[in-house]
Amino acid sequence: MPSDFGIDRIATARLVGRRPEPNDAAAFARILTDARVAEEAWPEHLRTADRAREMLKDMIAHWERWGFGPWTVLLDGEVIGYDGLRHADVAGRPAIELMWFLDADHWGQGYATEMAREALRVAFEVLELDRVVAETVDVNHASRAVMEKLGMAHVDTVMHAGLPHVVYALRR
Ligand SMILES: CC(C)(COP(=O)(O)OP(=O)(O)OC[C@H]1O[C@@H](n2cnc3c(N)ncnc32)[C@H](O)[C@@H]1OP(=O)(O)O)[C@@H](O)C(=O)NCCC(=O)NCCS
């Protein structure tokens with residue numbers, strides 16, 4: 001069923017975000033098992049095609065349940081990752097989390113920030129959420145740079161899976 005919010009497909013200047021679909025599995029497996037992703041950001045034991053399939057399945061289920069979720073990101077029609085919103089426990093509290101993961105071939109072009117900016121607009125203007133958070137391991141400088149470019153503020157540092165994680169937040 002299409003989302004009641006009319007956000008199954010969104011567009012930015014260079015990218016399209018669309019609701020994830022089972023056919024994204026091969027691209028997700030390729031992107032999420034890429035050895036160029038730093039061990040601290042995405043530990044090797046998570047880099048399996050099974051794990052990628054599970055994540056895609058969870059994203060599809062999230063959309064079905066809530067009418068929003070992370071978008072599959074397309075560049076010129078090609079899947080280059082995901083970026084968007086989901087319900088999550090962050091620092092032990094329920095929150096709406098903004099998350100991203102892009103194909104290493106396309107890092108450093110501002111794509112994660114571009115799609116996340118549109119995700120924040122949807123969060124505040126369409127979903128009428130009050131607060132969005134993002135979390136990453138403290139040494140993930142690229143992810144932190146995205147959070148900072150989005151105007152999010154560092155509000156907490158918590159231990160998660162045995163590693164310090166920073167929590168950033170933005171209010172409507
Ligand atoms: C994090 C990620 C999504 C960023 O995607 P991206 O499209 O390259 O991000 P953007 O280009 O919008 O912004 C990246 C910023 O990080 C900066 N950056 C990249 N590596 C950096 C580093 N090692 N130290 C400091 N800054 C860094 C870039 O310079 C850029 O900032 P700038 O525009 O001010 O120059 C991408 O690196 C990725 O998918 N990483 C693997 C998965 C991951 O870590 N996901 C997040 C888990 S919480």
# chains A, B, ... in the order shown; residues from 1 in each chain; ligands from 1
call {"tool": "residues_around", "arguments": {"residues": "Leu127 in chain A", "least_positions_apart": "3", "cutoff": "10 Å", "atoms": "only C-alpha atoms", "output": "VMD selection string"}}
result
chain A and resid 5 7 67 to 68 120 to 124 130
call {"tool": "write_last_selection", "arguments": {"atoms": "N, CA and C atoms", "output": "PDB file, in the first residue's frame"}}
result
ATOM      1  N   PHE A   5       1.490   9.421   3.410  1.00  0.00           N
ATOM      2  CA  PHE A   5       2.178  10.725   3.430  1.00  0.00           C
ATOM      3  C   PHE A   5       2.615  11.194   2.042  1.00  0.00           C
ATOM      4  N   ILE A   7       5.115  10.099   0.244  1.00  0.00           N
ATOM      5  CA  ILE A   7       6.575  10.255   0.226  1.00  0.00           C
ATOM      6  C   ILE A   7       7.267   8.983  -0.252  1.00  0.00           C
ATOM      7  N   GLY A  67       4.525   3.860   7.237  1.00  0.00           N
ATOM      8  CA  GLY A  67       4.285   4.768   6.110  1.00  0.00           C
ATOM      9  C   GLY A  67       5.462   5.678   5.802  1.00  0.00           C
ATOM     10  N   PHE A  68       6.592   5.438   6.472  1.00  0.00           N
ATOM     11  CA  PHE A  68       7.847   6.121   6.123  1.00  0.00           C
ATOM     12  C   PHE A  68       8.989   5.191   6.504  1.00  0.00           C
ATOM     13  N   LEU A 120      15.071  15.477   6.391  1.00  0.00           N
ATOM     14  CA  LEU A 120      14.709  16.341   7.526  1.00  0.00           C
ATOM     15  C   LEU A 120      13.504  17.214   7.185  1.00  0.00           C
ATOM     16  N   ARG A 121      13.473  17.688   5.931  1.00  0.00           N
ATOM     17  CA  ARG A 121      12.302  18.483   5.516  1.00  0.00           C
ATOM     18  C   ARG A 121      11.030  17.640   5.634  1.00  0.00           C
ATOM     19  N   VAL A 122      11.102  16.402   5.156  1.00  0.00           N
ATOM     20  CA  VAL A 122       9.941  15.505   5.266  1.00  0.00           C
ATOM     21  C   VAL A 122       9.600  15.277   6.742  1.00  0.00           C
ATOM     22  N   ALA A 123      10.635  15.060   7.566  1.00  0.00           N
ATOM     23  CA  ALA A 123      10.404  14.785   8.994  1.00  0.00           C
ATOM     24  C   ALA A 123       9.628  15.926   9.655  1.00  0.00           C
ATOM     25  N   PHE A 124      10.060  17.149   9.379  1.00  0.00           N
ATOM     26  CA  PHE A 124       9.467  18.279  10.091  1.00  0.00           C
ATOM     27  C   PHE A 124       8.205  18.817   9.423  1.00  0.00           C
ATOM     28  N   ASP A 130       8.882  16.367  16.019  1.00  0.00           N
ATOM     29  CA  ASP A 130       9.485  17.471  16.774  1.00  0.00           C
ATOM     30  C   ASP A 130      10.996  17.396  16.808  1.00  0.00           C
TER      31      ASP A 130
END
call {"tool": "residues_near_ligand", "arguments": {"ligand": "ligand 1", "cutoff": "7 Å", "atoms": "only C-alpha atoms and all ligand atoms", "output": "short mmCIF file (atom, residue, chain, number, x, y, z; two decimals) with N, CA and C atoms, in the first residue's frame"}}
result
data_model
loop_
_atom_site.label_atom_id
_atom_site.label_comp_id
_atom_site.auth_asym_id
_atom_site.auth_seq_id
_atom_site.Cartn_x
_atom_site.Cartn_y
_atom_site.Cartn_z
N VAL A 37 34.65 0.26 3.60
CA VAL A 37 33.98 0.84 4.76
C VAL A 37 34.84 0.56 6.00
N ALA A 41 33.21 1.87 11.64
CA ALA A 41 31.88 2.33 11.22
C ALA A 41 30.95 1.14 11.00
N TRP A 42 31.51 0.04 10.53
CA TRP A 42 30.68 -1.08 10.11
C TRP A 42 31.53 -2.35 10.24
N MET A 99 19.55 8.03 9.29
CA MET A 99 20.70 7.15 9.05
C MET A 99 21.02 7.10 7.57
N TRP A 100 22.25 6.71 7.26
CA TRP A 100 22.69 6.72 5.85
C TRP A 100 23.79 5.72 5.65
N PHE A 101 23.89 5.25 4.43
CA PHE A 101 24.97 4.35 4.02
C PHE A 101 25.02 4.41 2.50
N LEU A 102 26.15 4.85 1.97
CA LEU A 102 26.25 5.00 0.51
C LEU A 102 27.40 4.18 -0.06
N ASP A 103 27.27 3.82 -1.30
CA ASP A 103 28.29 3.12 -2.07
C ASP A 103 29.60 3.94 -2.04
N ALA A 104 30.69 3.28 -1.66
CA ALA A 104 31.98 3.98 -1.53
C ALA A 104 32.41 4.65 -2.84
N HIS A 106 30.79 6.55 -4.47
CA HIS A 106 30.13 7.87 -4.57
C HIS A 106 30.29 8.72 -3.32
N TRP A 107 31.23 8.37 -2.45
CA TRP A 107 31.47 9.20 -1.26
C TRP A 107 32.08 10.54 -1.66
N GLY A 108 31.89 11.51 -0.78
CA GLY A 108 32.58 12.79 -0.91
C GLY A 108 31.99 13.73 -1.96
N GLN A 109 30.77 13.44 -2.39
CA GLN A 109 30.12 14.32 -3.39
C GLN A 109 28.96 15.10 -2.76
N GLY A 110 28.80 14.94 -1.46
CA GLY A 110 27.68 15.63 -0.80
C GLY A 110 26.35 14.91 -0.91
N TYR A 111 26.37 13.68 -1.40
CA TYR A 111 25.08 12.99 -1.62
C TYR A 111 24.36 12.64 -0.31
N ALA A 112 25.13 12.15 0.69
CA ALA A 112 24.46 11.77 1.96
C ALA A 112 23.77 12.98 2.57
N THR A 113 24.47 14.11 2.53
CA THR A 113 23.91 15.34 3.11
C THR A 113 22.69 15.81 2.31
N GLU A 114 22.80 15.73 0.99
CA GLU A 114 21.70 16.21 0.12
C GLU A 114 20.41 15.42 0.38
N GLU A 135 23.05 8.91 15.17
CA GLU A 135 24.05 8.34 16.06
C GLU A 135 25.14 7.67 15.24
N THR A 136 26.37 7.81 15.70
CA THR A 136 27.46 7.10 15.03
C THR A 136 28.60 6.87 16.01
N VAL A 137 29.44 5.91 15.70
CA VAL A 137 30.63 5.69 16.50
C VAL A 137 31.48 6.97 16.44
N ASN A 140 33.71 8.04 13.49
CA ASN A 140 33.19 8.08 12.11
C ASN A 140 33.07 9.56 11.69
N HIS A 141 34.20 10.12 11.25
CA HIS A 141 34.25 11.56 11.00
C HIS A 141 33.40 11.98 9.81
N ALA A 142 33.27 11.10 8.82
CA ALA A 142 32.43 11.45 7.66
C ALA A 142 30.97 11.58 8.10
N SER A 143 30.52 10.62 8.90
CA SER A 143 29.13 10.65 9.34
C SER A 143 28.88 11.86 10.26
N ALA A 145 30.50 14.64 10.11
CA ALA A 145 30.53 15.84 9.26
C ALA A 145 29.15 16.04 8.62
N VAL A 146 28.52 14.93 8.21
CA VAL A 146 27.17 15.06 7.63
C VAL A 146 26.22 15.65 8.68
N LYS A 149 26.90 19.32 9.06
CA LYS A 149 26.44 20.12 7.90
C LYS A 149 24.91 20.27 7.92
#
call {"tool": "select_by_dssp", "arguments": {"residues": "chain A", "states": "strand (DSSP E or B)", "output": "compact mmCIF listing (two decimals) with N, CA and C atoms, in the first residue's frame"}}
result
# COMPACT_ATOMS: atom_id res chain seq x y z
N ARG A 9 8.28 8.38 -3.05
CA ARG A 9 9.37 8.80 -3.95
C ARG A 9 9.60 10.29 -3.74
N ILE A 10 10.87 10.63 -3.45
CA ILE A 10 11.22 12.03 -3.26
C ILE A 10 12.41 12.34 -4.17
N ALA A 11 12.63 13.61 -4.41
CA ALA A 11 13.75 13.95 -5.30
C ALA A 11 14.49 15.16 -4.74
N VAL A 16 17.30 10.67 -6.41
CA VAL A 16 15.93 10.25 -6.13
C VAL A 16 15.99 9.33 -4.91
N GLY A 17 15.00 9.47 -4.01
CA GLY A 17 14.83 8.52 -2.92
C GLY A 17 13.53 7.81 -3.18
N ARG A 18 13.56 6.50 -3.16
CA ARG A 18 12.29 5.78 -3.31
C ARG A 18 12.20 4.68 -2.27
N PRO A 70 13.65 4.57 5.75
CA PRO A 70 14.79 4.98 4.93
C PRO A 70 14.47 4.78 3.45
N TRP A 71 14.88 5.74 2.63
CA TRP A 71 14.71 5.61 1.19
C TRP A 71 15.91 4.89 0.58
N THR A 72 15.66 4.12 -0.46
CA THR A 72 16.75 3.66 -1.32
C THR A 72 17.15 4.86 -2.17
N VAL A 73 18.45 5.14 -2.22
CA VAL A 73 18.93 6.33 -2.94
C VAL A 73 19.36 5.93 -4.35
N LEU A 74 18.86 6.67 -5.33
CA LEU A 74 19.20 6.41 -6.74
C LEU A 74 19.94 7.61 -7.33
N LEU A 75 21.02 7.29 -8.05
CA LEU A 75 21.75 8.30 -8.82
C LEU A 75 21.68 7.86 -10.27
N GLU A 78 20.54 4.40 -10.68
CA GLU A 78 21.30 3.30 -10.09
C GLU A 78 21.23 3.39 -8.56
N VAL A 79 21.04 2.24 -7.89
CA VAL A 79 20.99 2.24 -6.42
C VAL A 79 22.38 2.52 -5.86
N ILE A 80 22.48 3.56 -5.02
CA ILE A 80 23.80 3.87 -4.42
C ILE A 80 23.74 3.84 -2.88
N GLY A 81 22.65 3.31 -2.31
CA GLY A 81 22.62 3.18 -0.85
C GLY A 81 21.26 3.50 -0.27
N TYR A 82 21.26 3.82 1.03
CA TYR A 82 20.00 4.23 1.68
C TYR A 82 20.27 5.46 2.53
N ASP A 83 19.21 6.19 2.80
CA ASP A 83 19.31 7.43 3.58
C ASP A 83 17.90 7.75 4.03
N GLY A 84 17.70 7.96 5.31
CA GLY A 84 16.35 8.33 5.73
C GLY A 84 16.07 8.03 7.19
N LEU A 85 14.79 7.95 7.49
CA LEU A 85 14.30 7.99 8.87
C LEU A 85 13.76 6.63 9.33
N ARG A 86 13.95 6.36 10.61
CA ARG A 86 13.31 5.15 11.16
C ARG A 86 13.11 5.32 12.67
N HIS A 87 12.18 4.55 13.19
CA HIS A 87 12.04 4.44 14.64
C HIS A 87 13.21 3.64 15.17
N ALA A 88 13.81 4.09 16.27
CA ALA A 88 14.94 3.36 16.85
C ALA A 88 15.06 3.71 18.32
N ASP A 89 15.77 2.87 19.06
CA ASP A 89 16.17 3.24 20.42
C ASP A 89 17.54 3.88 20.33
N VAL A 90 17.63 5.13 20.71
CA VAL A 90 18.93 5.81 20.67
C VAL A 90 19.22 6.29 22.08
N ARG A 93 16.53 5.49 24.52
CA ARG A 93 15.20 6.14 24.45
C ARG A 93 14.63 6.01 23.04
N PRO A 94 13.32 5.84 22.93
CA PRO A 94 12.74 5.78 21.59
C PRO A 94 12.91 7.12 20.88
N ALA A 95 13.26 7.04 19.59
CA ALA A 95 13.55 8.27 18.84
C ALA A 95 13.29 8.01 17.37
N ILE A 96 13.27 9.09 16.60
CA ILE A 96 13.31 8.96 15.14
C ILE A 96 14.75 9.26 14.74
N GLU A 97 15.35 8.25 14.14
CA GLU A 97 16.77 8.34 13.78
C GLU A 97 16.93 8.55 12.28
N LEU A 98 17.86 9.43 11.96
CA LEU A 98 18.24 9.65 10.56
C LEU A 98 19.52 8.85 10.32
N MET A 99 19.55 8.03 9.29
CA MET A 99 20.70 7.15 9.05
C MET A 99 21.02 7.10 7.57
N TRP A 100 22.25 6.71 7.26
CA TRP A 100 22.69 6.72 5.85
C TRP A 100 23.79 5.72 5.65
N PHE A 101 23.89 5.25 4.43
CA PHE A 101 24.97 4.35 4.02
C PHE A 101 25.02 4.41 2.50
N LEU A 102 26.15 4.85 1.97
CA LEU A 102 26.25 5.00 0.51
C LEU A 102 27.40 4.18 -0.06
N ARG A 131 11.52 16.15 16.71
CA ARG A 131 12.97 16.00 16.94
C ARG A 131 13.47 14.79 16.16
N VAL A 132 14.62 14.95 15.55
CA VAL A 132 15.27 13.85 14.83
C VAL A 132 16.68 13.71 15.39
N VAL A 133 17.11 12.47 15.59
CA VAL A 133 18.47 12.25 16.10
C VAL A 133 19.27 11.43 15.10
N ALA A 134 20.58 11.45 15.29
CA ALA A 134 21.46 10.60 14.49
C ALA A 134 22.55 10.12 15.43
N GLU A 135 23.05 8.91 15.17
CA GLU A 135 24.05 8.34 16.06
C GLU A 135 25.14 7.67 15.24
N THR A 136 26.37 7.81 15.70
CA THR A 136 27.46 7.10 15.03
C THR A 136 28.60 6.87 16.01
N VAL A 137 29.44 5.91 15.70
CA VAL A 137 30.63 5.69 16.50
C VAL A 137 31.48 6.97 16.44
N ALA A 153 23.09 19.12 16.45
CA ALA A 153 24.00 19.43 17.57
C ALA A 153 24.36 18.16 18.32
N HIS A 154 25.62 18.07 18.73
CA HIS A 154 26.09 16.93 19.52
C HIS A 154 25.48 17.03 20.92
N VAL A 155 24.61 16.09 21.27
CA VAL A 155 23.89 16.21 22.55
C VAL A 155 24.29 15.15 23.57
N ASP A 156 24.98 14.09 23.14
CA ASP A 156 25.25 13.00 24.08
C ASP A 156 26.36 12.11 23.52
N THR A 157 27.05 11.44 24.41
CA THR A 157 27.97 10.37 24.00
C THR A 157 27.62 9.16 24.86
N VAL A 158 27.40 8.04 24.20
CA VAL A 158 26.94 6.84 24.93
C VAL A 158 27.76 5.63 24.46
N MET A 159 27.84 4.62 25.31
CA MET A 159 28.50 3.38 24.91
C MET A 159 27.46 2.50 24.20
N HIS A 160 27.89 1.95 23.09
CA HIS A 160 26.98 1.12 22.30
C HIS A 160 27.86 0.05 21.67
N LEU A 163 31.54 0.50 22.20
CA LEU A 163 32.29 1.62 21.62
C LEU A 163 31.57 2.94 21.91
N PRO A 164 32.33 4.03 22.13
CA PRO A 164 31.66 5.32 22.34
C PRO A 164 30.97 5.79 21.05
N HIS A 165 29.72 6.16 21.19
CA HIS A 165 28.92 6.67 20.07
C HIS A 165 28.45 8.08 20.40
N VAL A 166 28.48 8.94 19.40
CA VAL A 166 27.97 10.29 19.60
C VAL A 166 26.53 10.36 19.10
N VAL A 167 25.74 11.13 19.84
CA VAL A 167 24.34 11.33 19.45
C VAL A 167 24.17 12.80 19.09
N TYR A 168 23.61 13.05 17.92
CA TYR A 168 23.33 14.40 17.45
C TYR A 168 21.81 14.55 17.34
N ALA A 169 21.32 15.77 17.51
CA ALA A 169 19.88 15.98 17.43
C ALA A 169 19.56 17.32 16.77
N LEU A 170 18.38 17.36 16.19
CA LEU A 170 17.86 18.61 15.62
C LEU A 170 16.38 18.70 15.95
N ARG A 171 15.95 19.88 16.38
CA ARG A 171 14.52 20.11 16.66
C ARG A 171 13.88 20.85 15.51
call {"tool": "closest_residue", "arguments": {"among": "A:Val139, A:Leu56, A:Met152, A:Ala13", "to": "Glu39 in chain A", "atoms": "only C-alpha atoms"}}
result
A:Val139
call {"tool": "closest_residue", "arguments": {"among": "A:His45, A:Glu40, A:Pro22, A:Leu32", "to": "Asp58 in chain A", "atoms": "only C-alpha atoms"}}
result
A:Pro22
